[in-house]
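Enquirer: Following this line is work-v7.cif, made up of mmCIF, C-alpha atoms; chains and numbers go by the auth columns:
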data_work
#
loop_
_atom_site.group_PDB
_atom_site.id
_atom_site.type_symbol
_atom_site.label_atom_id
_atom_site.label_comp_id
_atom_site.label_asym_id
_atom_site.label_seq_id
_atom_site.Cartn_x
_atom_site.Cartn_y
_atom_site.Cartn_z
_atom_site.B_iso_or_equiv
_atom_site.auth_seq_id
_atom_site.auth_asym_id
ATOM 1 C CA MET A 1 3.891 -13.910 -31.610 0.00 1 A
ATOM 2 C CA SER A 2 6.475 -13.888 -34.401 0.00 2 A
ATOM 3 C CA SER A 3 4.669 -11.007 -36.146 0.00 3 A
ATOM 4 C CA LEU A 4 5.226 -8.787 -33.100 0.00 4 A
ATOM 5 C CA SER A 5 8.122 -6.419 -32.844 0.00 5 A
ATOM 6 C CA PRO A 6 10.977 -7.378 -30.518 0.00 6 A
ATOM 7 C CA ALA A 7 9.908 -4.645 -28.078 0.00 7 A
ATOM 8 C CA ARG A 8 6.349 -6.004 -27.876 0.00 8 A
ATOM 9 C CA ARG A 9 7.574 -9.609 -27.480 0.00 9 A
ATOM 10 C CA TRP A 10 9.768 -8.423 -24.620 0.00 10 A
ATOM 11 C CA LEU A 11 6.819 -6.583 -23.042 0.00 11 A
ATOM 12 C CA PHE A 12 4.579 -9.674 -23.260 0.00 12 A
ATOM 13 C CA THR A 13 7.347 -11.840 -21.782 0.00 13 A
ATOM 14 C CA VAL A 14 7.841 -9.461 -18.863 0.00 14 A
ATOM 15 C CA ALA A 15 4.088 -9.289 -18.259 0.00 15 A
ATOM 16 C CA ALA A 16 3.860 -13.102 -18.238 0.00 16 A
ATOM 17 C CA VAL A 17 6.785 -13.445 -15.819 0.00 17 A
ATOM 18 C CA VAL A 18 5.328 -10.823 -13.472 0.00 18 A
ATOM 19 C CA THR A 19 1.911 -12.478 -13.564 0.00 19 A
ATOM 20 C CA LEU A 20 3.337 -15.924 -12.839 0.00 20 A
ATOM 21 C CA SER A 21 5.561 -14.575 -10.071 0.00 21 A
ATOM 22 C CA PHE A 22 2.662 -12.778 -8.411 0.00 22 A
ATOM 23 C CA THR A 23 0.427 -15.847 -8.677 0.00 23 A
ATOM 24 C CA ALA A 24 3.100 -18.077 -7.141 0.00 24 A
ATOM 25 C CA ALA A 25 3.758 -15.573 -4.344 0.00 25 A
ATOM 26 C CA CYS A 26 0.077 -15.445 -3.420 0.00 26 A
ATOM 27 C CA GLY A 27 -0.055 -19.127 -2.557 0.00 27 A
ATOM 28 C CA VAL A 28 -3.152 -21.078 -1.646 0.00 28 A
ATOM 29 C CA GLY A 29 -5.405 -19.501 0.973 0.00 29 A
ATOM 30 C CA GLN A 30 -3.751 -16.083 1.100 0.00 30 A
ATOM 31 C CA SER A 31 -5.374 -12.837 0.142 0.00 31 A
ATOM 32 C CA SER A 32 -3.483 -10.807 -2.433 0.00 32 A
ATOM 33 C CA ASP A 33 -2.998 -7.791 -0.164 0.00 33 A
ATOM 34 C CA GLU A 34 -1.239 -9.885 2.455 0.00 34 A
ATOM 35 C CA SER A 35 0.971 -11.895 0.122 0.00 35 A
ATOM 36 C CA SER A 36 2.054 -8.972 -2.021 0.00 36 A
ATOM 37 C CA GLY A 37 4.064 -7.561 0.846 0.00 37 A
ATOM 38 C CA SER A 38 1.816 -4.591 1.566 0.00 38 A
ATOM 39 C CA SER A 39 1.082 -6.030 4.983 0.00 39 A
ATOM 40 C CA SER A 40 3.191 -6.520 8.041 0.00 40 A
ATOM 41 C CA ASP A 41 1.120 -9.622 8.765 0.00 41 A
ATOM 42 C CA ALA A 42 3.026 -12.016 6.483 0.00 42 A
ATOM 43 C CA GLY A 43 5.568 -14.765 7.071 0.00 43 A
ATOM 44 C CA SER A 44 5.611 -18.246 8.488 0.00 44 A
ATOM 45 C CA SER A 45 4.164 -19.537 11.689 0.00 45 A
ATOM 46 C CA SER A 46 6.298 -20.713 14.571 0.00 46 A
ATOM 47 C CA GLN A 47 5.608 -23.605 16.862 0.00 47 A
ATOM 48 C CA GLU A 48 6.945 -22.132 20.113 0.00 48 A
ATOM 49 C CA GLN A 49 3.850 -22.913 22.169 0.00 49 A
ATOM 50 C CA SER A 50 3.145 -26.438 20.915 0.00 50 A
ATOM 51 C CA SER A 51 3.140 -28.874 23.805 0.00 51 A
ATOM 52 C CA ASP A 52 3.364 -32.094 21.791 0.00 52 A
ATOM 53 C CA GLY A 53 4.542 -31.032 18.354 0.00 53 A
ATOM 54 C CA ALA A 54 1.377 -32.331 16.650 0.00 54 A
ATOM 55 C CA ALA A 55 -0.483 -29.990 14.352 0.00 55 A
ATOM 56 C CA ALA A 56 -4.092 -29.140 15.050 0.00 56 A
ATOM 57 C CA GLY A 57 -6.259 -31.242 12.857 0.00 57 A
ATOM 58 C CA SER A 58 -3.871 -34.174 12.796 0.00 58 A
ATOM 59 C CA SER A 59 -5.421 -37.574 13.044 0.00 59 A
ATOM 60 C CA ASP A 60 -2.976 -40.073 14.471 0.00 60 A
ATOM 61 C CA GLY A 61 -5.338 -42.158 16.596 0.00 61 A
ATOM 62 C CA SER A 62 -4.252 -40.430 19.802 0.00 62 A
ATOM 63 C CA ALA A 63 -6.444 -39.845 22.856 0.00 63 A
ATOM 64 C CA SER A 64 -7.443 -36.450 21.455 0.00 64 A
ATOM 65 C CA ASP A 65 -9.193 -38.168 18.539 0.00 65 A
ATOM 66 C CA ALA A 66 -11.103 -40.394 20.959 0.00 66 A
ATOM 67 C CA GLY A 67 -12.796 -37.341 22.511 0.00 67 A
ATOM 68 C CA SER A 68 -11.186 -37.606 25.924 0.00 68 A
ATOM 69 C CA PHE A 69 -10.981 -33.993 27.007 0.00 69 A
ATOM 70 C CA ALA A 70 -11.675 -32.262 30.278 0.00 70 A
ATOM 71 C CA ALA A 71 -14.534 -29.851 29.613 0.00 71 A
ATOM 72 C CA GLY A 72 -13.660 -26.265 30.434 0.00 72 A
ATOM 73 C CA THR A 73 -12.092 -23.046 29.237 0.00 73 A
ATOM 74 C CA TYR A 74 -8.445 -22.993 28.196 0.00 74 A
ATOM 75 C CA ASP A 75 -6.132 -20.273 27.004 0.00 75 A
ATOM 76 C CA ALA A 76 -2.794 -20.107 25.253 0.00 76 A
ATOM 77 C CA GLU A 77 -0.648 -17.707 23.298 0.00 77 A
ATOM 78 C CA GLY A 78 0.414 -18.505 19.747 0.00 78 A
ATOM 79 C CA GLY A 79 3.256 -16.996 17.801 0.00 79 A
ATOM 80 C CA TYR A 80 4.084 -16.348 14.165 0.00 80 A
ATOM 81 C CA THR A 81 6.511 -14.259 12.161 0.00 81 A
ATOM 82 C CA SER A 82 5.482 -11.305 10.012 0.00 82 A
ATOM 83 C CA PRO A 83 7.612 -8.807 8.066 0.00 83 A
ATOM 84 C CA GLY A 84 7.158 -6.564 11.120 0.00 84 A
ATOM 85 C CA GLY A 85 8.795 -9.221 13.312 0.00 85 A
ATOM 86 C CA GLN A 86 7.569 -11.815 15.759 0.00 86 A
ATOM 87 C CA GLN A 87 3.857 -11.474 16.570 0.00 87 A
ATOM 88 C CA SER A 88 1.633 -13.193 19.095 0.00 88 A
ATOM 89 C CA VAL A 89 -2.075 -13.692 19.567 0.00 89 A
ATOM 90 C CA GLY A 90 -4.024 -14.780 22.648 0.00 90 A
ATOM 91 C CA VAL A 91 -6.594 -17.561 22.237 0.00 91 A
ATOM 92 C CA GLU A 92 -9.265 -18.690 24.711 0.00 92 A
ATOM 93 C CA VAL A 93 -11.366 -21.757 23.872 0.00 93 A
ATOM 94 C CA THR A 94 -14.236 -23.389 25.748 0.00 94 A
ATOM 95 C CA LEU A 95 -14.575 -27.134 25.138 0.00 95 A
ATOM 96 C CA GLU A 96 -17.073 -29.871 25.854 0.00 96 A
ATOM 97 C CA ALA A 97 -15.774 -33.260 27.048 0.00 97 A
ATOM 98 C CA ASP A 98 -15.914 -34.641 23.499 0.00 98 A
ATOM 99 C CA GLY A 99 -13.628 -31.838 22.249 0.00 99 A
ATOM 100 C CA THR A 100 -16.330 -29.700 20.632 0.00 100 A
ATOM 101 C CA VAL A 101 -15.528 -25.980 20.666 0.00 101 A
ATOM 102 C CA THR A 102 -18.429 -24.060 22.211 0.00 102 A
ATOM 103 C CA ALA A 103 -16.779 -20.630 22.384 0.00 103 A
ATOM 104 C CA VAL A 104 -13.596 -18.948 21.168 0.00 104 A
ATOM 105 C CA GLU A 105 -12.036 -15.559 21.784 0.00 105 A
ATOM 106 C CA VAL A 106 -8.919 -14.193 20.117 0.00 106 A
ATOM 107 C CA THR A 107 -7.046 -11.301 21.703 0.00 107 A
ATOM 108 C CA PRO A 108 -4.787 -9.308 19.361 0.00 108 A
ATOM 109 C CA GLU A 109 -1.290 -8.840 20.801 0.00 109 A
ATOM 110 C CA ALA A 110 0.441 -7.446 17.694 0.00 110 A
ATOM 111 C CA SER A 111 3.501 -5.244 17.920 0.00 111 A
ATOM 112 C CA ASP A 112 2.563 -3.015 14.966 0.00 112 A
ATOM 113 C CA SER A 113 -0.612 -1.393 13.675 0.00 113 A
ATOM 114 C CA THR A 114 -0.872 -3.385 10.444 0.00 114 A
ATOM 115 C CA SER A 115 -0.605 -6.735 12.212 0.00 115 A
ATOM 116 C CA GLU A 116 -3.068 -5.534 14.838 0.00 116 A
ATOM 117 C CA ARG A 117 -5.568 -4.681 12.098 0.00 117 A
ATOM 118 C CA TYR A 118 -5.258 -8.186 10.613 0.00 118 A
ATOM 119 C CA GLN A 119 -5.475 -9.796 14.055 0.00 119 A
ATOM 120 C CA SER A 120 -8.606 -7.780 14.861 0.00 120 A
ATOM 121 C CA GLN A 121 -10.245 -8.854 11.591 0.00 121 A
ATOM 122 C CA PHE A 122 -9.304 -12.459 12.355 0.00 122 A
ATOM 123 C CA ALA A 123 -10.712 -12.169 15.895 0.00 123 A
ATOM 124 C CA GLY A 124 -13.998 -10.879 14.500 0.00 124 A
ATOM 125 C CA GLY A 125 -14.478 -13.836 12.157 0.00 125 A
ATOM 126 C CA ILE A 126 -12.956 -16.828 13.916 0.00 126 A
ATOM 127 C CA ALA A 127 -16.027 -17.945 15.904 0.00 127 A
ATOM 128 C CA ASP A 128 -17.944 -18.621 12.672 0.00 128 A
ATOM 129 C CA GLU A 129 -15.114 -20.907 11.553 0.00 129 A
ATOM 130 C CA VAL A 130 -14.557 -23.028 14.674 0.00 130 A
ATOM 131 C CA VAL A 131 -17.539 -23.035 17.063 0.00 131 A
ATOM 132 C CA GLY A 132 -19.327 -26.375 16.839 0.00 132 A
ATOM 133 C CA LYS A 133 -16.287 -28.222 15.451 0.00 133 A
ATOM 134 C CA LYS A 134 -13.996 -30.697 17.197 0.00 134 A
ATOM 135 C CA ILE A 135 -10.768 -29.057 18.345 0.00 135 A
ATOM 136 C CA THR A 136 -8.717 -31.859 16.771 0.00 136 A
ATOM 137 C CA GLU A 137 -10.276 -31.081 13.381 0.00 137 A
ATOM 138 C CA LEU A 138 -9.304 -27.397 13.388 0.00 138 A
ATOM 139 C CA ASP A 139 -6.811 -26.253 10.783 0.00 139 A
ATOM 140 C CA VAL A 140 -7.596 -22.610 10.197 0.00 140 A
ATOM 141 C CA SER A 141 -6.055 -20.858 7.204 0.00 141 A
ATOM 142 C CA THR A 142 -7.530 -17.509 6.140 0.00 142 A
ATOM 143 C CA VAL A 143 -10.172 -15.727 8.229 0.00 143 A
ATOM 144 C CA ALA A 144 -11.546 -12.290 7.278 0.00 144 A
ATOM 145 C CA GLY A 145 -8.609 -11.639 4.941 0.00 145 A
ATOM 146 C CA SER A 146 -5.951 -12.523 7.490 0.00 146 A
ATOM 147 C CA SER A 147 -3.923 -15.591 6.597 0.00 147 A
ATOM 148 C CA LEU A 148 -0.919 -15.325 8.894 0.00 148 A
ATOM 149 C CA THR A 149 -2.712 -14.739 12.166 0.00 149 A
ATOM 150 C CA SER A 150 -4.002 -18.270 11.644 0.00 150 A
ATOM 151 C CA GLY A 151 -0.450 -19.544 12.221 0.00 151 A
ATOM 152 C CA GLY A 152 -0.497 -18.106 15.726 0.00 152 A
ATOM 153 C CA PHE A 153 -4.052 -19.340 16.270 0.00 153 A
ATOM 154 C CA ASN A 154 -3.172 -22.898 15.192 0.00 154 A
ATOM 155 C CA ASP A 155 -0.069 -22.734 17.392 0.00 155 A
ATOM 156 C CA ALA A 156 -2.222 -21.836 20.410 0.00 156 A
ATOM 157 C CA ILE A 157 -4.754 -24.574 19.542 0.00 157 A
ATOM 158 C CA ASP A 158 -1.939 -27.153 19.621 0.00 158 A
ATOM 159 C CA ASP A 159 -1.100 -25.995 23.145 0.00 159 A
ATOM 160 C CA ILE A 160 -4.756 -26.041 24.232 0.00 160 A
ATOM 161 C CA ILE A 161 -5.206 -29.609 22.947 0.00 161 A
ATOM 162 C CA GLY A 162 -2.335 -30.660 25.208 0.00 162 A
ATOM 163 C CA GLN A 163 -3.825 -28.825 28.177 0.00 163 A
ATOM 164 C CA ALA A 164 -7.333 -30.229 27.693 0.00 164 A
ATOM 165 C CA GLN A 165 -6.555 -33.889 27.112 0.00 165 A
ATOM 166 C CA ALA A 166 -7.984 -35.959 29.948 0.00 166 A
#
Please go through the file and, once you have read it, give me the structure as structure tokens.
Expert:
Amino acid sequence: MSSLSPARRWLFTVAAVVTLSFTAACGVGQSSDESSGSSSDAGSSSQEQSSDGAAAGSSDGSASDAGSFAAGTYDAEGGYTSPGGQQSVGVEVTLEADGTVTAVEVTPEASDSTSERYQSQFAGGIADEVVGKKITELDVSTVAGSSLTSGGFNDAIDDIIGQAQA
């Protein structure tokens, strides 16, 4: 690079910094349109609805890992934060006694149109990700391009695990 003019070296340096910054901001499991700030469906998830504080998918040898659930349909609301503010999503899950998810429905409850679009995309793709799996093994990240709605979904799943434990 020493044969380049100072202006070109500066340009290459700026381009490298921008590229690295963008790559770091994207994070693992996020789509670039969500993480670049063009979406109101970005931020961190909250754990307001969690009944026991354990994350979905945790394996601590508890009764939930042993498959002791009451079969049935359960619902909960999960929350997460986006640039548009606090968002929530409704989740309804049908379980077998061993904790296998047989049906799932996500109801968008967003407070702005961008978040509602991401929640609707998430709702349309979530069944393919979770039906047939054990509820204690769920740890959803990105579904149909929506990475932050999963925070609210996982929050609701934590609550449902607490409700369904026999």
Enquirer: Go ahead and compute the interatomic distance for atom CA of A:Gln165 and atom CA of A:Ala71, in Å to one decimal.
Expert: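 Between these atoms lies a distance of 9.3 Å.
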Enquirer: Care to translate the PyMOL selection byres ((chain A and resi 72) around 9) into actual residues of this file, as a list in words?
Expert: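 Output of the PyMOL selection byres ((chain A and resi 72) around 9): Phe69, Ala70, Ala71, Thr73, Tyr74, Val93, Thr94, Leu95, Glu96, Ala97 and Ala164 of chain A.
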Enquirer: Would you mind listing what lies within 7 Å of A:Ser88 as a PDB file with C-alpha atoms, in the frame of the given file, with only C-alpha atoms counted and same-chain residues fewer than 2 positions away left out?
Expert:
ATOM      1  CA  GLU A  77      -0.648 -17.707  23.298  1.00  0.00           C
ATOM      2  CA  GLY A  78       0.414 -18.505  19.747  1.00  0.00           C
ATOM      3  CA  GLY A  79       3.256 -16.996  17.801  1.00  0.00           C
ATOM      4  CA  TYR A  80       4.084 -16.348  14.165  1.00  0.00           C
ATOM      5  CA  GLN A  86       7.569 -11.815  15.759  1.00  0.00           C
ATOM      6  CA  GLY A  90      -4.024 -14.780  22.648  1.00  0.00           C
ATOM      7  CA  GLU A 109      -1.290  -8.840  20.801  1.00  0.00           C
ATOM      8  CA  ALA A 110       0.441  -7.446  17.694  1.00  0.00           C
ATOM      9  CA  GLY A 152      -0.497 -18.106  15.726  1.00  0.00           C
TER      10      GLY A 152
END
Enquirer: Could you work out how far atom CA of A:Tyr118 lies from atom CA of A:Ala103, giving the answer in Å with one decimal?
Expert: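 Interatomic distance here is 20.6 Å.
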Enquirer: Could you list the residues chosen by the PyMOL selection byres ((chain A and resi 151) around 8) in this structure as a VMD selection string?
Expert: chain A and resid 44 to 46 78 to 80 141 147 to 150 152 to 155
Enquirer: Generate the output file for the selected residues, C-alpha atoms, as a PDB file, in the frame of the given file.
Expert:
ATOM      1  CA  SER A  44       5.611 -18.246   8.488  1.00  0.00           C
ATOM      2  CA  SER A  45       4.164 -19.537  11.689  1.00  0.00           C
ATOM      3  CA  SER A  46       6.298 -20.713  14.571  1.00  0.00           C
ATOM      4  CA  GLY A  78       0.414 -18.505  19.747  1.00  0.00           C
ATOM      5  CA  GLY A  79       3.256 -16.996  17.801  1.00  0.00           C
ATOM      6  CA  TYR A  80       4.084 -16.348  14.165  1.00  0.00           C
ATOM      7  CA  SER A 141      -6.055 -20.858   7.204  1.00  0.00           C
ATOM      8  CA  SER A 147      -3.923 -15.591   6.597  1.00  0.00           C
ATOM      9  CA  LEU A 148      -0.919 -15.325   8.894  1.00  0.00           C
ATOM     10  CA  THR A 149      -2.712 -14.739  12.166  1.00  0.00           C
ATOM     11  CA  SER A 150      -4.002 -18.270  11.644  1.00  0.00           C
ATOM     12  CA  GLY A 152      -0.497 -18.106  15.726  1.00  0.00           C
ATOM     13  CA  PHE A 153      -4.052 -19.340  16.270  1.00  0.00           C
ATOM     14  CA  ASN A 154      -3.172 -22.898  15.192  1.00  0.00           C
ATOM     15  CA  ASP A 155      -0.069 -22.734  17.392  1.00  0.00           C
TER      16      ASP A 155
END
Enquirer: Smallest atom-to-atom distance to A:Glu137: which of A:Ser120, A:Thr100, A:Ser115, A:Thr107, using only C-alpha atoms?
Expert: A:Thr100
Enquirer: Tell me which residues the PyMOL selection byres ((chain A and resi 130-132) around 9) grabs here, as a list in words.
Expert: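 Applied to this file, the PyMOL selection byres ((chain A and resi 130-132) around 9) returns Thr100, Val101, Thr102, Ala103, Val104, Ile126, Ala127, Asp128, Glu129, Lys133, Lys134, Ile135, Leu138 and Val140 of chain A.
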Enquirer: Nearest residue to A:Thr114 out of A:Gly84, A:Asp158, A:Asp98, A:Ala144, using all atoms listed in the file?
Expert: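 Counting all atoms listed in the file, the residue closest to A:Thr114 is A:Gly84.
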Enquirer: Point out the residue among A:Ser146, A:Thr136, A:Gln163, A:Ser68 with the least atom-to-atom distance to A:Ser82, counting only C-alpha atoms.
Expert: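 Once distances to A:Ser82 are computed over only C-alpha atoms, the minimum belongs to A:Ser146.
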Enquirer: Tell me, in Å to one decimal, how far atom CA of A:Ile161 is from atom CA of A:Thr81.
Expert: 22.1 Å
Enquirer: Which of these residues is nearest to A:Ser113, using all atoms listed in the file: A:Asp75, A:Gln87, A:Gly125, A:Val143?
Expert: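 When distances to A:Ser113 are compared using all atoms listed in the file, the smallest one comes from A:Gln87.
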